[in-house]
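> Provided below: data22.txt, containing compact mmCIF, C-alpha atoms.
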```txt
# COMPACT_ATOMS: atom_id res chain seq x y z
CA MET P 4 2.66 64.62 28.64
CA TRP P 5 4.88 64.23 25.56
CA GLY P 6 7.69 66.11 27.30
CA LEU P 7 7.36 63.75 30.26
CA TRP P 8 7.74 60.77 27.91
CA LEU P 9 10.92 62.16 26.37
CA TRP P 10 12.25 62.79 29.86
CA ALA P 11 11.58 59.17 30.77
CA VAL P 12 13.48 57.90 27.71
CA ALA P 13 16.47 60.08 28.58
CA LEU P 14 16.29 58.96 32.18
CA GLY P 15 16.66 55.36 31.06
CA ALA P 16 20.26 56.04 30.07
CA TRP P 17 21.40 56.30 33.73
CA ARG P 18 18.75 54.32 35.62
CA SER P 19 19.99 51.31 37.57
CA VAL P 20 19.64 47.82 36.19
CA GLU P 21 16.71 47.33 38.52
CA ALA P 22 14.46 49.31 36.16
CA GLY P 23 13.45 48.81 32.53
CA CYS P 24 14.49 45.73 30.56
CA SER P 25 18.22 45.94 31.16
CA GLY P 26 19.31 42.35 31.82
CA ARG P 27 15.82 41.02 31.12
CA CYS P 28 14.66 39.57 27.80
CA CYS P 29 12.35 36.62 28.41
CA PRO P 30 10.77 34.22 25.90
CA GLY P 31 7.05 33.55 25.71
CA THR P 32 4.82 34.70 28.56
CA ASP P 33 6.61 35.25 31.86
CA LEU P 34 4.88 37.35 34.50
CA THR P 35 8.04 37.36 36.64
CA CYS P 36 9.93 39.11 33.82
CA ALA P 37 8.75 42.47 35.14
CA SER P 38 9.94 45.80 36.40
CA THR P 39 8.54 49.15 37.56
CA ASP P 40 9.17 51.87 35.04
CA TRP P 41 7.64 53.79 32.15
CA ARG P 42 5.79 51.61 29.68
CA THR P 43 5.54 51.93 25.92
CA ASP P 44 1.94 53.14 26.38
CA ARG P 45 3.40 56.16 28.28
CA ASN P 46 2.10 55.08 31.67
CA PHE P 47 4.28 54.54 34.72
CA GLY P 48 3.98 51.34 36.73
CA SER P 49 4.51 47.63 36.29
CA CYS P 50 6.01 46.83 32.90
CA PHE P 51 7.22 43.61 31.29
CA CYS P 52 10.09 42.35 29.15
CA ASP P 53 8.73 39.02 27.94
CA GLU P 54 7.75 38.41 24.31
CA ASN P 55 4.05 38.58 25.18
CA CYS P 56 4.30 42.23 26.22
CA GLN P 57 4.21 43.26 22.56
CA ARG P 58 0.73 41.76 22.28
CA THR P 59 -0.56 43.03 25.64
CA LYS P 60 1.11 46.44 25.06
CA ASP P 61 2.63 46.68 28.52
CA CYS P 62 6.35 46.49 27.63
CA CYS P 63 8.87 48.62 29.49
CA PHE P 64 9.79 51.69 27.46
CA ASP P 65 13.23 50.34 26.52
CA TYR P 66 12.06 46.88 25.39
CA PRO P 67 12.43 47.60 21.62
CA THR P 68 16.09 48.64 22.02
CA VAL P 69 17.22 46.32 24.82
CA CYS P 70 15.40 43.29 23.40
CA PRO P 71 15.37 43.88 19.63
CA ALA P 72 13.30 41.48 17.56
CA GLU P 73 15.32 38.72 15.90
CA HIS P 74 13.45 37.09 13.04
CA CYS P 75 13.56 33.43 12.12
CA ARG P 76 16.22 32.59 9.55
CA VAL P 77 15.98 29.47 7.38
CA SER P 78 18.30 27.79 4.90
CA GLN P 79 17.86 27.61 1.15
CA TRP P 80 15.51 24.94 -0.20
CA SER P 81 16.99 21.52 -0.87
CA SER P 82 16.68 20.02 -4.33
CA TRP P 83 13.35 18.43 -5.18
CA SER P 84 13.14 14.75 -4.31
CA GLY P 85 12.20 12.13 -6.86
CA CYS P 86 8.59 11.18 -7.40
CA SER P 87 7.27 8.97 -4.60
CA GLN P 88 5.68 6.51 -7.09
CA GLN P 89 6.16 5.46 -10.68
CA CYS P 90 3.46 5.55 -13.36
CA HIS P 91 0.90 7.12 -11.01
CA PRO P 92 0.20 10.70 -9.96
CA ALA P 93 2.24 11.25 -6.81
CA PHE P 94 4.26 13.85 -4.90
CA ARG P 95 7.79 15.15 -4.72
CA HIS P 96 9.03 17.30 -1.86
CA ARG P 97 11.81 19.62 -0.77
CA LYS P 98 12.91 20.82 2.65
CA ARG P 99 14.81 23.55 4.41
CA HIS P 100 15.90 23.86 8.02
CA ILE P 101 15.92 26.52 10.70
CA GLU P 102 19.25 28.31 11.05
CA LYS P 103 18.08 30.69 13.78
CA GLU P 104 14.96 30.53 15.92
CA PRO P 105 12.99 33.79 16.32
CA SER P 106 13.22 35.68 19.58
CA ASN P 107 11.83 38.84 21.16
CA SER P 108 8.64 38.73 19.09
CA GLY P 109 10.55 38.24 15.83
CA ASP P 110 8.78 36.81 12.79
CA ALA P 111 7.89 33.12 13.07
CA CYS P 112 9.53 30.53 10.85
CA PRO P 113 7.95 29.89 7.43
CA PRO P 114 6.98 26.35 6.30
CA LEU P 115 9.98 24.01 6.22
CA GLU P 116 8.62 21.56 3.64
CA GLU P 117 6.89 21.93 0.28
CA ARG P 118 5.17 19.30 -1.83
CA ALA P 119 4.28 19.34 -5.50
CA GLY P 120 2.53 16.92 -7.78
CA CYS P 121 4.63 14.78 -10.10
CA LEU P 122 4.52 11.82 -12.42
CA GLU P 123 7.27 9.40 -13.44
CA TYR P 124 6.89 8.54 -17.12
CA LEU P 125 8.92 5.31 -17.12
CA ASP P 126 8.39 2.13 -15.14
CA ARG P 127 11.23 0.23 -13.44
CA GLN P 128 11.99 -1.56 -16.71
CA GLY P 129 12.36 1.74 -18.55
CA ARG P 130 9.09 1.40 -20.47
CA ASN P 131 6.81 4.37 -21.05
CA CYS P 132 3.75 4.02 -18.86
CA ALA P 133 2.08 7.45 -19.01
CA LEU P 134 -0.31 6.87 -21.92
CA ALA P 135 -2.68 4.61 -19.97
CA LEU P 136 -3.46 7.13 -17.27
CA GLY P 137 -6.77 8.45 -18.64
CA PRO P 138 -7.69 12.12 -18.02
CA ALA P 139 -5.37 15.08 -18.52
CA LEU P 140 -3.21 15.55 -15.44
CA ILE P 141 -2.34 19.16 -14.70
CA THR P 142 -0.46 21.15 -12.09
CA SER P 143 0.77 24.69 -11.48
CA ALA P 144 2.91 26.37 -14.15
CA GLU P 145 5.62 26.65 -11.45
CA HIS P 146 6.33 22.96 -12.06
CA GLY P 147 7.38 23.74 -15.63
CA LYS P 148 10.10 26.10 -14.44
CA GLY P 149 12.06 23.15 -13.10
CA ARG P 150 12.02 21.22 -16.36
CA PRO P 151 15.28 21.08 -18.34
CA THR P 152 15.61 23.37 -21.34
CA HIS P 153 18.57 21.44 -22.83
CA ASP P 154 19.33 17.76 -23.27
CA PRO P 155 22.47 16.07 -21.81
CA TYR P 156 24.38 17.08 -24.97
CA GLY P 157 23.55 20.76 -24.58
CA GLN P 158 20.98 20.87 -27.36
CA PRO P 159 17.72 22.78 -26.69
CA VAL P 160 14.74 20.54 -26.07
CA ASP P 161 11.43 20.90 -27.87
CA PRO P 162 9.67 23.91 -26.23
CA GLY P 163 6.30 22.26 -26.80
CA TYR P 164 3.03 24.07 -27.30
CA CYS P 165 0.05 25.45 -25.40
CA VAL P 166 -3.62 24.47 -25.43
CA GLU P 167 -6.47 26.75 -24.40
CA PHE P 168 -9.46 25.13 -22.71
CA LYS P 169 -12.76 26.53 -21.50
CA MET P 170 -13.51 25.23 -18.02
CA VAL P 171 -16.94 23.57 -17.96
CA SER P 172 -17.15 21.94 -14.54
CA LEU P 173 -15.03 21.21 -11.46
CA THR P 174 -15.48 19.73 -8.02
CA SER P 175 -15.73 21.79 -4.83
CA HIS P 176 -12.47 20.22 -3.59
CA CYS P 177 -10.51 22.56 -5.88
CA ALA P 178 -11.40 25.58 -3.75
CA ALA P 179 -11.68 23.92 -0.34
CA ASP P 180 -8.09 22.78 0.25
CA GLY P 181 -5.87 25.54 1.66
CA GLN P 182 -2.56 23.68 1.72
CA PRO P 183 0.26 25.81 0.25
CA HIS P 184 1.06 23.42 -2.60
CA LEU P 185 -2.61 23.37 -3.65
CA ARG P 186 -3.33 27.10 -3.74
CA TRP P 187 -3.14 27.11 -7.53
CA THR P 188 -6.34 25.02 -7.78
CA GLN P 189 -8.32 27.88 -6.22
CA TYR P 190 -7.95 29.82 -9.49
CA LEU P 191 -9.89 27.21 -11.45
CA ARG P 192 -13.36 28.56 -12.22
CA GLU P 193 -16.27 27.42 -14.38
CA GLY P 194 -16.48 29.42 -17.61
CA TYR P 195 -12.87 30.64 -17.43
CA THR P 196 -10.34 30.06 -20.19
CA VAL P 197 -7.14 28.41 -19.01
CA CYS P 198 -3.85 27.69 -20.76
CA VAL P 199 -2.03 24.39 -20.32
CA ALA P 200 1.50 23.92 -21.65
CA CYS P 201 2.61 20.62 -23.17
CA GLN P 202 6.37 20.24 -22.67
CA PRO P 203 8.89 17.41 -22.42
CA PRO P 204 8.91 15.02 -20.64
CA ALA P 205 5.08 15.09 -20.58
CA MET P 206 5.13 15.36 -24.38
CA GLN P 207 4.96 11.86 -25.83
CA GLU P 208 6.65 10.68 -29.00
CA PRO P 209 6.19 10.17 -31.86
CA ASP P 210 3.10 12.41 -32.16
CA ARG P 211 4.39 15.15 -29.78
CA SER P 212 1.21 15.21 -27.72
CA CYS P 213 0.34 15.26 -24.04
CA GLN P 214 -2.09 12.88 -22.37
CA GLY P 215 -5.59 14.37 -22.51
CA ASP P 216 -4.72 17.44 -24.61
CA GLY P 217 -7.75 16.85 -26.84
CA ALA P 218 -5.79 16.88 -30.11
CA THR P 219 -8.19 14.38 -31.69
CA SER P 220 -11.39 15.69 -30.09
CA GLY P 221 -14.07 17.96 -31.52
CA ARG P 222 -14.31 21.61 -30.49
CA ASP P 223 -17.33 21.14 -28.20
CA GLU P 224 -16.41 17.67 -26.90
CA LEU P 225 -16.13 17.46 -23.12
CA LEU P 226 -12.73 16.26 -21.93
CA HIS P 227 -11.73 15.22 -18.44
CA TRP P 228 -8.90 16.67 -16.35
CA GLN P 229 -7.54 16.12 -12.85
CA ALA P 230 -5.16 18.05 -10.58
CA VAL P 231 -2.20 15.76 -10.04
CA ASP P 232 -1.63 17.23 -6.57
CA ASN P 233 -5.21 16.62 -5.44
CA PRO P 234 -7.11 13.70 -7.03
CA HIS P 235 -10.38 15.06 -5.61
CA CYS P 236 -9.99 18.24 -7.68
CA ARG P 237 -11.18 17.26 -11.15
CA GLY P 238 -13.66 18.28 -13.81
CA THR P 239 -14.35 18.76 -17.50
CA TRP P 240 -13.34 21.30 -20.11
CA SER P 241 -13.57 21.78 -23.87
CA ARG P 242 -10.62 22.47 -26.12
CA VAL P 243 -10.56 25.94 -27.70
CA ARG P 244 -7.33 26.07 -29.71
CA MET P 245 -3.63 25.23 -29.77
CA LEU P 246 -0.99 27.98 -29.58
CA GLU P 247 2.78 28.09 -29.77
CA ARG P 248 2.93 29.97 -26.49
CA CYS P 249 0.49 30.38 -23.62
CA ALA P 250 -1.16 33.79 -23.43
CA CYS P 251 -3.27 33.39 -20.28
CA PRO P 252 -2.58 35.31 -17.05
CA GLN P 253 -0.15 33.50 -14.75
CA VAL P 254 -2.89 32.36 -12.36
CA HIS P 255 -4.68 30.60 -15.25
CA HIS P 256 -1.52 29.06 -16.70
CA PHE P 257 -0.85 25.37 -15.98
CA VAL P 258 1.17 22.45 -17.35
CA PHE P 259 0.41 18.90 -18.37
CA ILE P 260 2.27 16.39 -16.28
```
Could I get this structure in the form of structure tokens?

Amino acid sequence: MWGLWLWAVALGAWRSVEAGCSGRCCPGTDLTCASTDWRTDRNFGSCFCDENCQRTKDCCFDYPTVCPAEHCRVSQWSSWSGCSQQCHPAFRHRKRHIEKEPSNSGDACPPLEERAGCLEYLDRQGRNCALALGPALITSAEHGKGRPTHDPYGQPVDPGYCVEFKMVSLTSHCAADGQPHLRWTQYLREGYTVCVACQPPAMQEPDRSCQGDGATSGRDELLHWQAVDNPHCRGTWSRVRMLERCACPQVHHFVFI
């Protein structure tokens, strides 16, 4: 049987265009995009050259070479937008566009838009408005990677500090939302120790603190926090200690915002 299959592949080199997928590469499901020839399952008979044949496993033997898969290609991400609101937890977003659509069962296009939580620290008059916001607002440590490390004059900015908290309670909304920009909240667990970095511009002057960091609280005092991306994901934690640098695993590493 194996020898017969090899013979069929060789035969395809001189068969007429009536057989196989030569001249046929059809999108989607198309039952008219058919021929009579050897199939990829090594049976002879009706075979197809539409994209669906990969799923139904009835492609003509030469489909992979005549109709090679072309994967989706997308552009680079745009820059992040500004925050959609001032002085309130909100969102920023970035986009990319499709440069080439997939074909012949190529990989589908990835998401074309991403959102992330954000907070503007100044109102329209340039006044600081972050201190009246209440609980600690946190988001993924990925957000901190986009913060500037130098001021406009080229001088390094204050690297800030890290605070360890023991998670005491959290709402079920933290684990229930599967949106890509909220996956980080699924790593929040009761009883776990998490690290939260306090960096500019979240760090407020003159005391160099972040809203809700518990600097003036007792060790066992319950403090409130909220995910800036998802206001329904919130809970309580107790402050453990302050460190110069965060030492938690990446999935338990967050930033004040």
> Which of these, P:Gly109, P:Gly26, P:Pro138, P:Pro67, has the shortest distance to P:Gly238 once you count only C-alpha atoms?
P:Pro138
> Give me, as a list in words, all polymer residues having an atom no more than 10 Å from P:Phe51, counting all atoms listed in the file and skipping those fewer than 4 positions away in the same chain.
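In the requested form, the answer reads Gly23, Cys24, Arg27, Cys28, Cys29, Thr32, Asp33, Leu34, Thr35, Cys36, Ala37, Ser38, Thr39, Asp40, Arg42, Asn55, Cys56, Gln57, Thr59, Lys60, Asp61, Cys62, Cys63, Phe64 and Tyr66 of chain P.
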> Mind dumping the selected residues with C-alpha atoms as a short mmCIF file (atom, residue, chain, number, x, y, z; two decimals), keeping the file's coordinate frame?

```
data_model
loop_
_atom_site.label_atom_id
_atom_site.label_comp_id
_atom_site.auth_asym_id
_atom_site.auth_seq_id
_atom_site.Cartn_x
_atom_site.Cartn_y
_atom_site.Cartn_z
CA GLY P 23 13.45 48.81 32.53
CA CYS P 24 14.49 45.73 30.56
CA ARG P 27 15.82 41.02 31.12
CA CYS P 28 14.66 39.57 27.80
CA CYS P 29 12.35 36.62 28.41
CA THR P 32 4.82 34.70 28.56
CA ASP P 33 6.61 35.25 31.86
CA LEU P 34 4.88 37.35 34.50
CA THR P 35 8.04 37.36 36.64
CA CYS P 36 9.93 39.11 33.82
CA ALA P 37 8.75 42.47 35.14
CA SER P 38 9.94 45.80 36.40
CA THR P 39 8.54 49.15 37.56
CA ASP P 40 9.17 51.87 35.04
CA ARG P 42 5.79 51.61 29.68
CA ASN P 55 4.05 38.58 25.18
CA CYS P 56 4.30 42.23 26.22
CA GLN P 57 4.21 43.26 22.56
CA THR P 59 -0.56 43.03 25.64
CA LYS P 60 1.11 46.44 25.06
CA ASP P 61 2.63 46.68 28.52
CA CYS P 62 6.35 46.49 27.63
CA CYS P 63 8.87 48.62 29.49
CA PHE P 64 9.79 51.69 27.46
CA TYR P 66 12.06 46.88 25.39
#
```
> Between P:His74, P:His96, P:Lys148, P:Arg222, which one has atoms that come closest to P:Met245, using all atoms listed in the file?
P:Arg222
> Within 9 Å of P:Ala230, counting all atoms listed in the file, which residues show up once you throw out same-chain ones fewer than 6 positions away? Write them as a compact mmCIF listing (two decimals) with C-alpha atoms, keeping the file's coordinate frame, please.

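The resulting file, out_10.txt, is shown below:
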```txt
# COMPACT_ATOMS: atom_id res chain seq x y z
CA GLY P 120 2.53 16.92 -7.78
CA ALA P 139 -5.37 15.08 -18.52
CA LEU P 140 -3.21 15.55 -15.44
CA ILE P 141 -2.34 19.16 -14.70
CA THR P 142 -0.46 21.15 -12.09
CA SER P 143 0.77 24.69 -11.48
CA CYS P 177 -10.51 22.56 -5.88
CA THR P 188 -6.34 25.02 -7.78
CA CYS P 236 -9.99 18.24 -7.68
CA ARG P 237 -11.18 17.26 -11.15
```
> P:Lys103, P:Cys70, P:Ala111, P:Glu123: which is nearest P:Ser87, counting all atoms listed in the file?
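Using all atoms listed in the file, P:Ser87 sits closest to P:Glu123.
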> Reconstruct N, CA, C and O atoms of stretch 186-199 of chain P from the incomplete input and present them as an mmCIF file, in the frame of the given file.

```
data_model
loop_
_atom_site.group_PDB
_atom_site.id
_atom_site.type_symbol
_atom_site.label_atom_id
_atom_site.label_comp_id
_atom_site.auth_asym_id
_atom_site.auth_seq_id
_atom_site.Cartn_x
_atom_site.Cartn_y
_atom_site.Cartn_z
ATOM 1 N N ARG P 186 -2.671 25.812 -3.561
ATOM 2 C CA ARG P 186 -3.330 27.100 -3.740
ATOM 3 C C ARG P 186 -3.669 27.382 -5.198
ATOM 4 O O ARG P 186 -4.620 28.095 -5.499
ATOM 5 N N TRP P 187 -2.892 26.824 -6.119
ATOM 6 C CA TRP P 187 -3.140 27.110 -7.530
ATOM 7 C C TRP P 187 -4.503 26.608 -7.987
ATOM 8 O O TRP P 187 -5.106 27.182 -8.894
ATOM 9 N N THR P 188 -5.038 25.561 -7.347
ATOM 10 C CA THR P 188 -6.340 25.020 -7.780
ATOM 11 C C THR P 188 -7.482 25.987 -7.471
ATOM 12 O O THR P 188 -8.568 25.865 -8.042
ATOM 13 N N GLN P 189 -7.259 26.946 -6.567
ATOM 14 C CA GLN P 189 -8.320 27.880 -6.220
ATOM 15 C C GLN P 189 -8.601 28.872 -7.343
ATOM 16 O O GLN P 189 -9.593 29.594 -7.299
ATOM 17 N N TYR P 190 -7.737 28.918 -8.363
ATOM 18 C CA TYR P 190 -7.950 29.820 -9.490
ATOM 19 C C TYR P 190 -8.710 29.149 -10.628
ATOM 20 O O TYR P 190 -8.960 29.777 -11.655
ATOM 21 N N LEU P 191 -9.080 27.901 -10.452
ATOM 22 C CA LEU P 191 -9.890 27.210 -11.450
ATOM 23 C C LEU P 191 -11.346 27.612 -11.252
ATOM 24 O O LEU P 191 -11.882 27.506 -10.148
ATOM 25 N N ARG P 192 -11.973 28.093 -12.303
ATOM 26 C CA ARG P 192 -13.360 28.560 -12.220
ATOM 27 C C ARG P 192 -14.142 28.123 -13.451
ATOM 28 O O ARG P 192 -13.608 28.137 -14.576
ATOM 29 N N GLU P 193 -15.399 27.770 -13.258
ATOM 30 C CA GLU P 193 -16.270 27.420 -14.380
ATOM 31 C C GLU P 193 -16.415 28.619 -15.313
ATOM 32 O O GLU P 193 -16.586 29.747 -14.864
ATOM 33 N N GLY P 194 -16.323 28.370 -16.614
ATOM 34 C CA GLY P 194 -16.480 29.420 -17.610
ATOM 35 C C GLY P 194 -15.197 30.152 -17.951
ATOM 36 O O GLY P 194 -15.161 30.891 -18.933
ATOM 37 N N TYR P 195 -14.138 29.958 -17.162
ATOM 38 C CA TYR P 195 -12.870 30.640 -17.430
ATOM 39 C C TYR P 195 -12.093 29.906 -18.523
ATOM 40 O O TYR P 195 -12.230 28.702 -18.714
ATOM 41 N N THR P 196 -11.267 30.661 -19.244
ATOM 42 C CA THR P 196 -10.340 30.060 -20.190
ATOM 43 C C THR P 196 -8.995 29.886 -19.509
ATOM 44 O O THR P 196 -8.490 30.815 -18.869
ATOM 45 N N VAL P 197 -8.437 28.694 -19.621
ATOM 46 C CA VAL P 197 -7.140 28.410 -19.010
ATOM 47 C C VAL P 197 -6.175 27.939 -20.097
ATOM 48 O O VAL P 197 -6.584 27.415 -21.145
ATOM 49 N N CYS P 198 -4.898 28.146 -19.850
ATOM 50 C CA CYS P 198 -3.850 27.690 -20.760
ATOM 51 C C CYS P 198 -3.069 26.569 -20.095
ATOM 52 O O CYS P 198 -2.716 26.668 -18.918
ATOM 53 N N VAL P 199 -2.800 25.522 -20.852
ATOM 54 C CA VAL P 199 -2.030 24.390 -20.320
ATOM 55 C C VAL P 199 -0.900 24.090 -21.297
ATOM 56 O O VAL P 199 -1.139 23.834 -22.484
#
```
